[in-house]
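Next comes input.txt, a file with compact mmCIF, C-alpha atoms.
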# COMPACT_ATOMS: atom_id res chain seq x y z
CA MET T 47 -127.51 -139.72 -79.89
CA LYS T 48 -130.66 -137.66 -79.96
CA LYS T 49 -133.59 -140.01 -79.67
CA SER T 50 -136.52 -137.72 -80.36
CA PHE T 51 -137.66 -134.13 -80.91
CA THR T 52 -138.36 -131.80 -78.03
CA LEU T 53 -141.72 -130.02 -77.76
CA PRO T 54 -140.31 -126.56 -78.79
CA GLU T 55 -138.64 -128.13 -81.85
CA LEU T 56 -141.86 -129.78 -82.92
CA SER T 57 -143.86 -126.57 -82.29
CA VAL T 58 -141.50 -124.45 -84.39
CA ALA T 59 -141.53 -127.01 -87.22
CA ILE T 60 -145.36 -127.16 -87.23
CA LEU T 61 -145.55 -123.35 -87.08
CA ILE T 62 -143.26 -122.95 -90.12
CA ILE T 63 -145.23 -125.51 -92.14
CA SER T 64 -148.55 -123.90 -91.11
CA VAL T 65 -147.40 -120.39 -92.10
CA ALA T 66 -146.14 -121.65 -95.47
CA LEU T 67 -149.46 -123.38 -96.15
CA LEU T 68 -151.45 -120.38 -94.93
CA ILE T 69 -149.68 -118.01 -97.33
CA PHE T 70 -150.38 -120.42 -100.13
CA LEU T 71 -154.07 -120.64 -99.24
CA VAL T 72 -154.47 -116.86 -98.79
CA LEU T 73 -152.88 -116.25 -102.21
CA SER T 74 -155.12 -118.76 -103.93
CA SER T 75 -158.28 -117.50 -102.19
CA ASN T 76 -157.39 -113.92 -103.23
CA PHE T 77 -157.06 -114.97 -106.85
CA ILE T 78 -160.37 -116.79 -106.75
CA PHE T 79 -162.08 -113.83 -105.02
CA ASN T 80 -160.77 -111.44 -107.71
CA LEU T 81 -161.82 -113.85 -110.42
CA VAL T 82 -165.37 -114.11 -109.11
CA ASN T 83 -165.74 -110.41 -108.34
CA ALA T 84 -163.93 -108.69 -111.24
CA LYS T 85 -167.13 -108.65 -113.31
CA LYS T 86 -169.25 -107.50 -110.36
CA ILE T 87 -166.92 -104.56 -109.65
CA PHE T 88 -167.03 -103.58 -113.32
CA PHE T 89 -170.82 -103.88 -113.21
CA LEU T 90 -171.18 -101.65 -110.12
CA MET T 91 -168.97 -98.99 -111.71
CA GLN T 92 -171.05 -99.07 -114.90
CA THR T 93 -174.28 -98.81 -112.87
CA ASN T 94 -173.02 -95.71 -111.04
CA GLN T 95 -171.85 -94.04 -114.24
CA SER T 96 -175.12 -94.83 -116.05
CA ALA T 97 -177.19 -93.57 -113.11
CA LEU T 98 -175.32 -90.24 -113.18
CA GLU T 99 -175.89 -90.00 -116.95
CA PHE T 100 -179.61 -90.53 -116.32
CA LEU T 101 -179.51 -87.76 -113.72
CA ILE T 102 -177.89 -85.38 -116.24
CA ALA T 103 -180.58 -86.41 -118.74
CA PHE T 104 -183.26 -85.77 -116.06
CA ARG T 105 -181.90 -82.23 -115.70
CA ASN T 106 -181.65 -81.71 -119.46
CA LYS T 107 -185.17 -82.99 -120.06
CA SER T 108 -186.56 -80.12 -117.99
CA LEU T 109 -185.70 -77.93 -120.97
CA GLU T 110 -188.28 -79.65 -123.14
CA THR T 111 -191.37 -78.61 -121.26
CA THR T 112 -190.52 -75.29 -119.67
CA ASN T 113 -189.50 -71.85 -120.69
CA PHE T 114 -185.77 -72.24 -120.96
CA ASP T 115 -184.97 -68.76 -119.74
CA ASN T 116 -183.31 -68.94 -116.35
CA ILE T 117 -184.24 -72.54 -115.59
CA GLN T 118 -183.23 -73.71 -112.14
CA TRP T 119 -183.93 -77.37 -112.34
CA PHE T 120 -183.47 -78.51 -108.74
CA ASN T 121 -185.36 -75.75 -106.96
CA ASN T 122 -188.18 -78.18 -106.12
CA LEU T 123 -185.93 -81.10 -105.37
CA GLY T 124 -184.31 -80.50 -101.95
CA SER T 125 -181.44 -82.37 -100.33
CA GLY T 126 -181.91 -86.03 -99.50
CA LYS T 127 -181.81 -89.56 -100.85
CA TYR T 128 -183.46 -90.29 -104.18
CA CYS T 129 -184.12 -93.33 -106.35
CA LEU T 130 -184.10 -93.31 -110.11
CA LYS T 131 -187.31 -94.35 -111.90
CA ILE T 132 -187.16 -94.98 -115.64
CA ASN T 133 -190.17 -95.85 -117.79
CA LYS T 134 -190.03 -97.38 -121.23
CA THR T 135 -192.87 -97.42 -123.75
CA SER T 136 -192.96 -98.53 -127.37
CA GLY T 137 -189.22 -98.70 -127.91
CA PHE T 138 -188.39 -95.39 -126.22
CA ILE T 139 -187.48 -94.21 -122.74
CA SER T 140 -190.64 -92.25 -122.00
CA SER T 141 -189.76 -90.73 -118.64
CA ILE T 142 -186.96 -90.28 -116.14
CA ASN T 143 -187.92 -89.38 -112.57
CA LEU T 144 -186.36 -89.04 -109.17
CA GLU T 145 -188.30 -90.43 -106.21
CA ASN T 146 -187.54 -89.37 -102.66
CA SER T 147 -186.75 -92.49 -100.64
CA SER T 148 -185.08 -93.24 -97.34
CA GLN T 149 -184.26 -96.75 -98.56
CA PRO T 150 -182.11 -97.72 -101.59
CA CYS T 151 -184.18 -99.09 -104.50
CA LEU T 152 -183.64 -101.88 -106.98
CA PHE T 153 -181.94 -100.30 -109.99
CA SER T 154 -184.31 -100.29 -112.94
CA PHE T 155 -182.39 -101.55 -115.94
CA ILE T 156 -183.97 -101.30 -119.34
CA PHE T 157 -182.85 -104.51 -121.03
CA LEU T 158 -180.95 -106.29 -118.35
CA ASN T 159 -182.09 -109.22 -116.22
CA THR T 160 -179.25 -109.67 -113.78
CA PRO T 161 -178.86 -112.89 -111.81
CA PHE T 162 -178.10 -110.67 -108.81
CA LYS T 163 -179.96 -107.67 -107.42
CA ILE T 164 -178.38 -104.21 -107.55
CA PHE T 165 -179.54 -101.56 -105.13
CA HIS T 166 -178.94 -97.93 -105.92
CA TYR T 167 -179.62 -94.43 -104.61
CA PHE T 168 -178.53 -90.85 -105.11
CA ASP T 169 -177.48 -88.75 -102.16
CA ILE T 170 -178.20 -85.17 -103.23
CA ASN T 171 -176.85 -82.34 -101.15
CA ILE T 172 -177.95 -78.91 -102.36
CA GLN T 173 -175.94 -75.89 -101.34
CA ASN T 174 -176.76 -72.56 -102.96
CA ASN T 175 -176.49 -73.06 -106.71
CA PHE T 176 -174.75 -76.43 -106.61
CA ALA T 177 -176.00 -79.97 -106.19
CA TYR T 178 -173.36 -82.33 -104.79
CA ILE T 179 -174.48 -85.75 -105.95
CA THR T 180 -173.18 -89.16 -104.94
CA SER T 181 -174.39 -92.20 -106.81
CA THR T 182 -174.13 -95.33 -104.66
CA SER T 183 -174.76 -98.90 -105.68
CA TYR T 184 -174.23 -102.29 -104.10
CA MET T 185 -175.04 -105.93 -104.66
CA SER T 186 -177.71 -107.62 -102.59
CA ASP T 187 -175.22 -110.27 -101.40
CA ARG T 188 -173.14 -107.49 -99.72
CA ILE T 189 -169.87 -109.38 -100.36
CA LEU T 190 -168.40 -106.34 -102.09
CA PRO T 191 -168.33 -102.93 -100.44
CA LYS T 192 -170.61 -100.16 -101.71
CA SER T 193 -169.41 -98.40 -104.86
CA ASP T 194 -169.63 -94.60 -105.07
CA LEU T 195 -169.28 -92.04 -107.84
CA SER T 196 -169.71 -88.29 -107.33
CA LEU T 197 -170.75 -85.40 -109.52
CA ILE T 198 -171.40 -81.69 -109.05
CA LEU T 199 -174.22 -80.11 -111.06
CA THR T 200 -175.08 -76.44 -111.23
CA ASN T 201 -178.62 -75.17 -110.74
CA TRP T 202 -178.73 -73.83 -114.28
CA HIS T 203 -178.39 -75.54 -117.64
CA PRO T 204 -175.14 -75.06 -119.52
CA LEU T 205 -177.28 -73.69 -122.32
CA TRP T 206 -175.48 -72.22 -125.28
CA ARG T 207 -177.47 -69.50 -126.93
CA MET J 5 -130.50 -148.29 -78.28
CA LYS J 6 -132.45 -147.69 -81.51
CA LYS J 7 -130.06 -146.70 -84.29
CA GLY J 8 -132.32 -146.28 -87.31
CA PHE J 9 -135.90 -146.37 -88.58
CA THR J 10 -137.86 -149.50 -89.28
CA LEU J 11 -139.35 -150.18 -92.72
CA LEU J 12 -142.82 -149.52 -91.32
CA GLU J 13 -141.81 -146.10 -89.96
CA ILE J 14 -140.22 -145.08 -93.26
CA SER J 15 -143.26 -146.30 -95.20
CA ILE J 16 -145.63 -144.27 -93.02
CA VAL J 17 -143.46 -141.16 -93.32
CA ILE J 18 -143.27 -141.54 -97.13
CA LEU J 19 -147.05 -142.07 -97.30
CA ILE J 20 -147.79 -138.96 -95.21
CA PHE J 21 -145.24 -136.93 -97.17
CA SER J 22 -146.75 -138.12 -100.47
CA LEU J 23 -150.27 -137.19 -99.36
CA ILE J 24 -149.11 -133.70 -98.34
CA MET J 25 -147.27 -133.27 -101.65
CA VAL J 26 -150.32 -134.41 -103.67
CA ALA J 27 -152.51 -131.92 -101.76
CA LEU J 28 -149.98 -129.12 -102.30
CA ALA J 29 -149.62 -129.94 -106.00
CA SER J 30 -153.39 -129.91 -106.37
CA ILE J 31 -153.62 -126.48 -104.67
CA TYR J 32 -150.77 -125.21 -106.84
CA THR J 33 -152.45 -126.44 -110.04
CA SER J 34 -155.75 -124.82 -109.04
CA LEU J 35 -153.93 -121.62 -108.17
CA MET J 36 -152.15 -121.52 -111.54
CA ARG J 37 -155.40 -122.28 -113.36
CA ALA J 38 -157.20 -119.50 -111.46
CA LEU J 39 -154.31 -117.15 -112.24
CA ILE J 40 -154.47 -117.91 -115.98
CA ILE J 41 -158.28 -117.51 -116.06
CA ALA J 42 -158.08 -114.28 -114.04
CA ASP J 43 -155.40 -112.98 -116.43
CA HIS J 44 -157.55 -113.75 -119.50
CA LEU J 45 -160.66 -112.38 -117.86
CA GLN J 46 -158.84 -109.19 -116.97
CA ALA J 47 -157.60 -108.81 -120.57
CA SER J 48 -161.16 -109.33 -121.89
CA LEU J 49 -162.61 -106.87 -119.36
CA GLU J 50 -159.93 -104.31 -120.22
CA ASN J 51 -160.84 -104.64 -123.89
CA VAL J 52 -164.55 -104.16 -123.11
CA ARG J 53 -163.76 -101.21 -120.84
CA TYR J 54 -161.45 -99.54 -123.38
CA ALA J 55 -163.90 -99.90 -126.28
CA SER J 56 -166.94 -98.81 -124.24
CA GLU J 57 -164.97 -95.74 -123.05
CA LYS J 58 -164.22 -94.90 -126.68
CA ILE J 59 -167.93 -95.21 -127.53
CA PHE J 60 -168.79 -93.06 -124.49
CA ARG J 61 -166.41 -90.28 -125.57
CA ILE J 62 -167.53 -90.03 -129.20
CA VAL J 63 -171.26 -90.29 -128.38
CA LYS J 64 -170.97 -87.78 -125.53
CA TYR J 65 -169.79 -85.07 -127.95
CA GLY J 66 -171.95 -86.15 -130.92
CA TRP J 67 -174.56 -84.14 -132.81
CA ASP J 68 -177.70 -85.06 -134.77
CA PHE J 69 -178.09 -88.67 -133.74
CA SER J 70 -179.87 -91.00 -136.09
CA ILE J 71 -180.92 -94.45 -134.85
CA ASN J 72 -182.15 -96.24 -137.94
CA SER J 73 -182.38 -99.70 -136.41
CA PRO J 74 -182.15 -100.97 -132.81
CA ASN J 75 -178.49 -101.87 -133.36
CA SER J 76 -177.07 -99.06 -135.46
CA ILE J 77 -176.48 -95.40 -134.70
CA SER J 78 -174.93 -92.57 -136.72
CA PHE J 79 -174.06 -89.01 -135.76
CA TYR J 80 -171.77 -86.10 -136.48
CA ASP J 81 -168.52 -85.77 -134.56
CA ARG J 82 -167.90 -82.79 -132.25
CA SER J 83 -166.46 -80.58 -135.01
CA CYS J 84 -168.94 -81.65 -137.75
CA ASP J 85 -166.01 -82.84 -139.90
CA SER J 86 -167.18 -86.41 -140.19
CA ILE J 87 -170.03 -88.80 -139.48
CA PHE J 88 -169.54 -91.73 -137.15
CA GLU J 89 -171.55 -94.90 -137.49
CA ILE J 90 -171.56 -97.65 -134.89
CA LYS J 91 -173.17 -100.88 -136.07
CA PHE J 92 -173.52 -104.45 -134.84
CA GLN J 93 -171.96 -106.89 -137.28
CA ASN J 94 -170.35 -110.35 -137.04
CA GLU J 95 -170.46 -110.52 -133.22
CA ASN J 96 -168.64 -107.20 -132.96
CA LEU J 97 -169.24 -103.47 -133.21
CA ILE J 98 -167.94 -101.73 -136.29
CA LEU J 99 -167.00 -98.06 -136.03
CA GLU J 100 -167.03 -96.26 -139.36
CA LYS J 101 -165.90 -92.72 -139.99
CA LYS J 102 -167.52 -91.22 -143.10
CA ASP J 103 -167.17 -88.10 -145.17
CA PRO J 104 -170.31 -85.99 -144.46
CA ASN J 105 -170.60 -84.79 -148.07
CA SER J 106 -169.85 -87.87 -150.15
CA GLY J 107 -170.77 -90.50 -147.55
CA ASN J 108 -167.57 -92.39 -148.39
CA VAL J 109 -166.06 -94.47 -145.60
CA LEU J 110 -162.79 -92.87 -144.47
CA GLU J 111 -161.93 -95.31 -141.67
CA SER J 112 -163.47 -98.52 -140.46
CA GLY J 113 -162.56 -100.94 -137.71
CA GLU J 114 -163.76 -103.38 -135.08
CA LEU J 115 -164.18 -101.93 -131.61
CA PHE J 116 -163.67 -105.18 -129.70
CA ASP J 117 -160.83 -107.69 -130.04
CA PRO J 118 -162.51 -110.85 -131.43
CA SER J 119 -159.89 -113.06 -129.78
CA LEU J 120 -160.94 -111.74 -126.36
CA VAL J 121 -164.69 -111.03 -126.59
CA ARG J 122 -167.73 -111.98 -128.66
CA LEU J 123 -170.70 -109.62 -128.72
CA LYS J 124 -173.83 -111.77 -128.83
CA ARG J 125 -176.43 -108.98 -128.62
CA PHE J 126 -176.36 -105.22 -128.97
CA GLU J 127 -179.32 -102.85 -128.76
CA ILE J 128 -179.81 -99.10 -128.61
CA ILE J 129 -182.65 -97.15 -127.06
CA ARG J 130 -183.11 -93.40 -126.64
CA ASP J 131 -185.53 -91.13 -124.85
CA LEU J 132 -188.63 -89.61 -126.36
CA PRO J 133 -188.58 -85.81 -126.04
CA ASN J 134 -191.74 -84.39 -124.43
CA THR J 135 -192.39 -81.92 -127.20
CA ASN J 136 -193.58 -81.72 -130.76
CA GLU J 137 -191.49 -78.62 -131.37
CA THR J 138 -188.48 -79.09 -133.61
CA PHE J 139 -187.23 -75.54 -133.84
CA PHE J 140 -184.54 -75.58 -131.19
CA TYR J 141 -182.03 -78.44 -131.15
CA PHE J 142 -182.65 -79.15 -127.44
CA GLN J 143 -186.34 -79.75 -128.18
CA TYR J 144 -185.75 -82.83 -130.30
CA ALA J 145 -182.20 -83.92 -129.40
CA PRO J 146 -181.94 -87.16 -127.41
CA LYS J 147 -181.16 -86.46 -123.77
CA ILE J 148 -180.15 -90.05 -123.08
CA ILE J 149 -178.96 -92.91 -125.26
CA VAL J 150 -178.63 -96.38 -123.75
CA PHE J 151 -176.51 -99.15 -125.24
CA PHE J 152 -177.09 -102.71 -124.17
CA TYR J 153 -174.20 -105.17 -124.56
CA ASP J 154 -174.29 -108.91 -124.06
CA PHE J 155 -170.76 -110.32 -124.26
CA GLU J 156 -169.04 -113.64 -124.09
CA LEU J 157 -165.61 -113.17 -122.56
CA ILE J 158 -163.18 -115.73 -123.97
CA THR J 159 -160.73 -117.45 -121.61
CA LYS J 160 -158.63 -120.60 -122.02
CA ALA J 161 -160.90 -122.39 -119.59
CA GLY J 162 -164.02 -121.51 -121.60
CA THR J 163 -166.31 -118.52 -121.87
CA SER J 164 -167.91 -116.27 -119.31
CA SER J 165 -170.90 -114.02 -119.96
CA LEU J 166 -171.04 -110.30 -119.26
CA ALA J 167 -174.09 -108.16 -119.96
CA PHE J 168 -174.40 -104.50 -119.04
CA GLU J 169 -176.03 -101.24 -120.02
CA GLN J 170 -174.20 -98.02 -120.80
CA ALA J 171 -176.18 -94.79 -120.59
CA ILE J 172 -174.82 -91.64 -122.21
CA ALA J 173 -176.30 -88.13 -121.90
CA PRO J 174 -174.96 -86.24 -124.93
CA LEU J 175 -173.32 -82.99 -123.97
CA ASN J 176 -174.80 -81.01 -126.86
CA SER J 177 -178.43 -81.98 -126.19
CA VAL J 178 -179.06 -78.69 -124.36
CA MET J 179 -177.79 -76.51 -127.20
CA ASN J 180 -180.07 -74.09 -128.99
CA ILE J 181 -179.06 -75.07 -132.50
CA SER J 182 -177.09 -77.91 -133.96
CA LEU J 183 -173.82 -76.75 -135.42
CA CYS J 184 -173.93 -79.44 -138.10
CA GLN J 185 -177.55 -79.99 -139.07
CA ARG J 186 -178.03 -82.53 -141.84

Turn this file's structure into structure tokens for me.
Amino acid sequence: MKKSFTLPELSVAILIISVALLIFLVLSSNFIFNLVNAKKIFFLMQTNQSALEFLIAFRNKSLETTNFDNIQWFNNLGSGKYCLKINKTSGFISSINLENSSQPCLFSFIFLNTPFKIFHYFDINIQNNFAYITSTSYMSDRILPKSDLSLILTNWHPLWR
Amino acid sequence: MKKGFTLLEISIVILIFSLIMVALASIYTSLMRALIIADHLQASLENVRYASEKIFRIVKYGWDFSINSPNSISFYDRSCDSIFEIKFQNENLILEKKDPNSGNVLESGELFDPSLVRLKRFEIIRDLPNTNETFFYFQYAPKIIVFFYDFELITKAGTSSLAFEQAIAPLNSVMNISLCQR
């Protein structure tokens, strides 16, 4: 009659139980991670999209103050990293500006007070008549990877005349 | 030679086995609960995403925007066939499609599913063009419109808040004239 277990038998049994438990724990931690971060991912995507819309508006606003014939809006901009600066006065967005910056800036929301900080920057690469723009944002806690969204803008306005 | 287990040995084994089973059951319950909440949260987020995409599309191609109050906006559609109005009402956004001549409501509906989300606050802000000229459409058209949403996402385990801003640069804001001036 076998009196006890051998060391290999015990090791294999413990290994099987450990793997089963580990799979269980990994699955549950993945669900909880997704649960906690689903909103943050959505938020980062919205921030990138909104930032690009502000950039399009920044380009379009150059029509208001200049002679609209043959406008080339990014001639004075240059390639590099830029932060978005939005000012609000008396119920309106009074100005949209791009500020050259080597460091990402806190994204300036208009209404929102987020419990977490969102850093954002544009990487603008100008080649001939095209600006290749990447909008990048990330949370200050750095748990999630950076979120990117790209856009190509021409140097002229798509003005219909 | 020992032929069987003693009562003490069996008791200890049953106790250890019970403790492991209780721990596993607890993990399983938490996992199922997290799964149900994640499922509800995903459904609520999908609803928010779908409706905000719809708003994005119709505003992007709109003409002649009129923001009469901080939580109501109206504008012509891309072909000038109808007027859309988006307004905050009963913890939801109502999208109305109106006849541009008579002003009669042709279609009306809620943008968000009230069983999934509750909109607690909604505000609209636009830019202020840098000109007093109103001859060309691009001189007075809004270049950016920002919607602020403050939601309560409804799950079986309770509610979860979600607030975000959606900026939209209308496509037609650089046009010379409006095709459907009021």

Go through J:Leu97, J:Ile149, J:Leu120, J:Met179 one by one, measure the shortest atom-to-atom distance of each to chain T using only C-alpha atoms, and give the residue with the smallest value.
->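 Checking each candidate against chain T, we get J:Met179 as the closest.
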
Distance query segment 116-126 of chain T at most 8 Å, all atoms listed in the file, self and fewer than 4 positions along chain excluded, as a list in words |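 These residues fall inside the cut-off: Arg105, Ser108, Leu109, Thr112, Asn146, Asp169, Ile170, Asn171, Ile172, Asn201, Trp202 and His203 of chain T.
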
Work out how far apart atom CA of Tyr144 of chain J and atom CA of Val109 of chain J are and give it in Å to one decimal.
-> 27.5 Å

One-decimal distance in Å that lies between atom CA of Ser140 of chain T and atom CA of Phe151 of chain J |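 Separating atom CA of Phe151 of chain J from atom CA of Ser140 of chain T is a distance of 16.1 Å.
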
Which chain T residues have any atom within 7 Å of an atom of chain J, and for each, what is the nearest pair of atoms with distance in Å to one decimal, counting all atoms listed in the file, rows sorted by chain and number, as JSON lines?
{"residue": "T:Ser74", "atom": "CA", "partner": "J:Leu35", "partner_atom": "CA", "distance": 5.3}
{"residue": "T:Phe77", "atom": "CA", "partner": "J:Leu39", "partner_atom": "CA", "distance": 6.4}
{"residue": "T:Ile78", "atom": "CA", "partner": "J:Ala38", "partner_atom": "CA", "distance": 6.3}
{"residue": "T:Leu81", "atom": "CA", "partner": "J:Ala42", "partner_atom": "CA", "distance": 5.2}
{"residue": "T:Phe89", "atom": "CA", "partner": "J:Phe168", "partner_atom": "CA", "distance": 6.9}
{"residue": "T:Gln92", "atom": "CA", "partner": "J:Gln170", "partner_atom": "CA", "distance": 6.8}
{"residue": "T:Ser96", "atom": "CA", "partner": "J:Ala171", "partner_atom": "CA", "distance": 4.7}
{"residue": "T:Glu99", "atom": "CA", "partner": "J:Ala173", "partner_atom": "CA", "distance": 5.3}
{"residue": "T:Phe100", "atom": "CA", "partner": "J:Ile148", "partner_atom": "CA", "distance": 6.8}
{"residue": "T:Ile102", "atom": "CA", "partner": "J:Ala173", "partner_atom": "CA", "distance": 6.5}
{"residue": "T:Ala103", "atom": "CA", "partner": "J:Lys147", "partner_atom": "CA", "distance": 5.1}
{"residue": "T:Asn106", "atom": "CA", "partner": "J:Val178", "partner_atom": "CA", "distance": 6.3}
{"residue": "T:Lys107", "atom": "CA", "partner": "J:Lys147", "partner_atom": "CA", "distance": 6.5}
{"residue": "T:Glu110", "atom": "CA", "partner": "J:Gln143", "partner_atom": "CA", "distance": 5.4}
{"residue": "T:Thr111", "atom": "CA", "partner": "J:Asn134", "partner_atom": "CA", "distance": 6.6}
{"residue": "T:Gly137", "atom": "CA", "partner": "J:Ile129", "partner_atom": "CA", "distance": 6.8}
{"residue": "T:Phe138", "atom": "CA", "partner": "J:Asp131", "partner_atom": "CA", "distance": 5.3}
{"residue": "T:Ile139", "atom": "CA", "partner": "J:Asp131", "partner_atom": "CA", "distance": 4.2}
{"residue": "T:Ser140", "atom": "CA", "partner": "J:Leu132", "partner_atom": "CA", "distance": 5.5}
{"residue": "T:Phe157", "atom": "CA", "partner": "J:Phe152", "partner_atom": "CA", "distance": 6.8}
{"residue": "T:Leu158", "atom": "CA", "partner": "J:Phe168", "partner_atom": "CA", "distance": 6.8}
{"residue": "T:Leu205", "atom": "CA", "partner": "J:Met179", "partner_atom": "CA", "distance": 5.7}
{"residue": "T:Trp206", "atom": "CA", "partner": "J:Met179", "partner_atom": "CA", "distance": 5.2}
{"residue": "T:Arg207", "atom": "CA", "partner": "J:Asn180", "partner_atom": "CA", "distance": 5.7}

Keeping C-alpha atoms, export the residues of the selection given above as a PDB file, in the frame of the given file.
ATOM      1  CA  SER T  74    -155.120-118.760-103.930  1.00  0.00           C
ATOM      2  CA  PHE T  77    -157.060-114.970-106.850  1.00  0.00           C
ATOM      3  CA  ILE T  78    -160.370-116.790-106.750  1.00  0.00           C
ATOM      4  CA  LEU T  81    -161.820-113.850-110.420  1.00  0.00           C
ATOM      5  CA  PHE T  89    -170.820-103.880-113.210  1.00  0.00           C
ATOM      6  CA  GLN T  92    -171.050 -99.070-114.900  1.00  0.00           C
ATOM      7  CA  SER T  96    -175.120 -94.830-116.050  1.00  0.00           C
ATOM      8  CA  GLU T  99    -175.890 -90.000-116.950  1.00  0.00           C
ATOM      9  CA  PHE T 100    -179.610 -90.530-116.320  1.00  0.00           C
ATOM     10  CA  ILE T 102    -177.890 -85.380-116.240  1.00  0.00           C
ATOM     11  CA  ALA T 103    -180.580 -86.410-118.740  1.00  0.00           C
ATOM     12  CA  ASN T 106    -181.650 -81.710-119.460  1.00  0.00           C
ATOM     13  CA  LYS T 107    -185.170 -82.990-120.060  1.00  0.00           C
ATOM     14  CA  GLU T 110    -188.280 -79.650-123.140  1.00  0.00           C
ATOM     15  CA  THR T 111    -191.370 -78.610-121.260  1.00  0.00           C
ATOM     16  CA  GLY T 137    -189.220 -98.700-127.910  1.00  0.00           C
ATOM     17  CA  PHE T 138    -188.390 -95.390-126.220  1.00  0.00           C
ATOM     18  CA  ILE T 139    -187.480 -94.210-122.740  1.00  0.00           C
ATOM     19  CA  SER T 140    -190.640 -92.250-122.000  1.00  0.00           C
ATOM     20  CA  PHE T 157    -182.850-104.510-121.030  1.00  0.00           C
ATOM     21  CA  LEU T 158    -180.950-106.290-118.350  1.00  0.00           C
ATOM     22  CA  LEU T 205    -177.280 -73.690-122.320  1.00  0.00           C
ATOM     23  CA  TRP T 206    -175.480 -72.220-125.280  1.00  0.00           C
ATOM     24  CA  ARG T 207    -177.470 -69.500-126.930  1.00  0.00           C
TER      25      ARG T 207
END

Residue contacts of Lys102 of chain J (12 Å, only C-alpha atoms) excluding same-chain residues fewer than 5 positions away, as a list in words |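 That gives Ser78, Phe79, Tyr80, Asp81, Cys84, Asp85, Ser86, Ile87, Phe88, Glu89, Ile90, Gly107, Asn108, Val109, Leu110, Glu111 and Ser112 of chain J.
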
Enter the distance from atom CA of Leu115 of chain J to atom CA of Leu99 of chain J, in Å, rounded to one decimal.
-> 6.5 Å
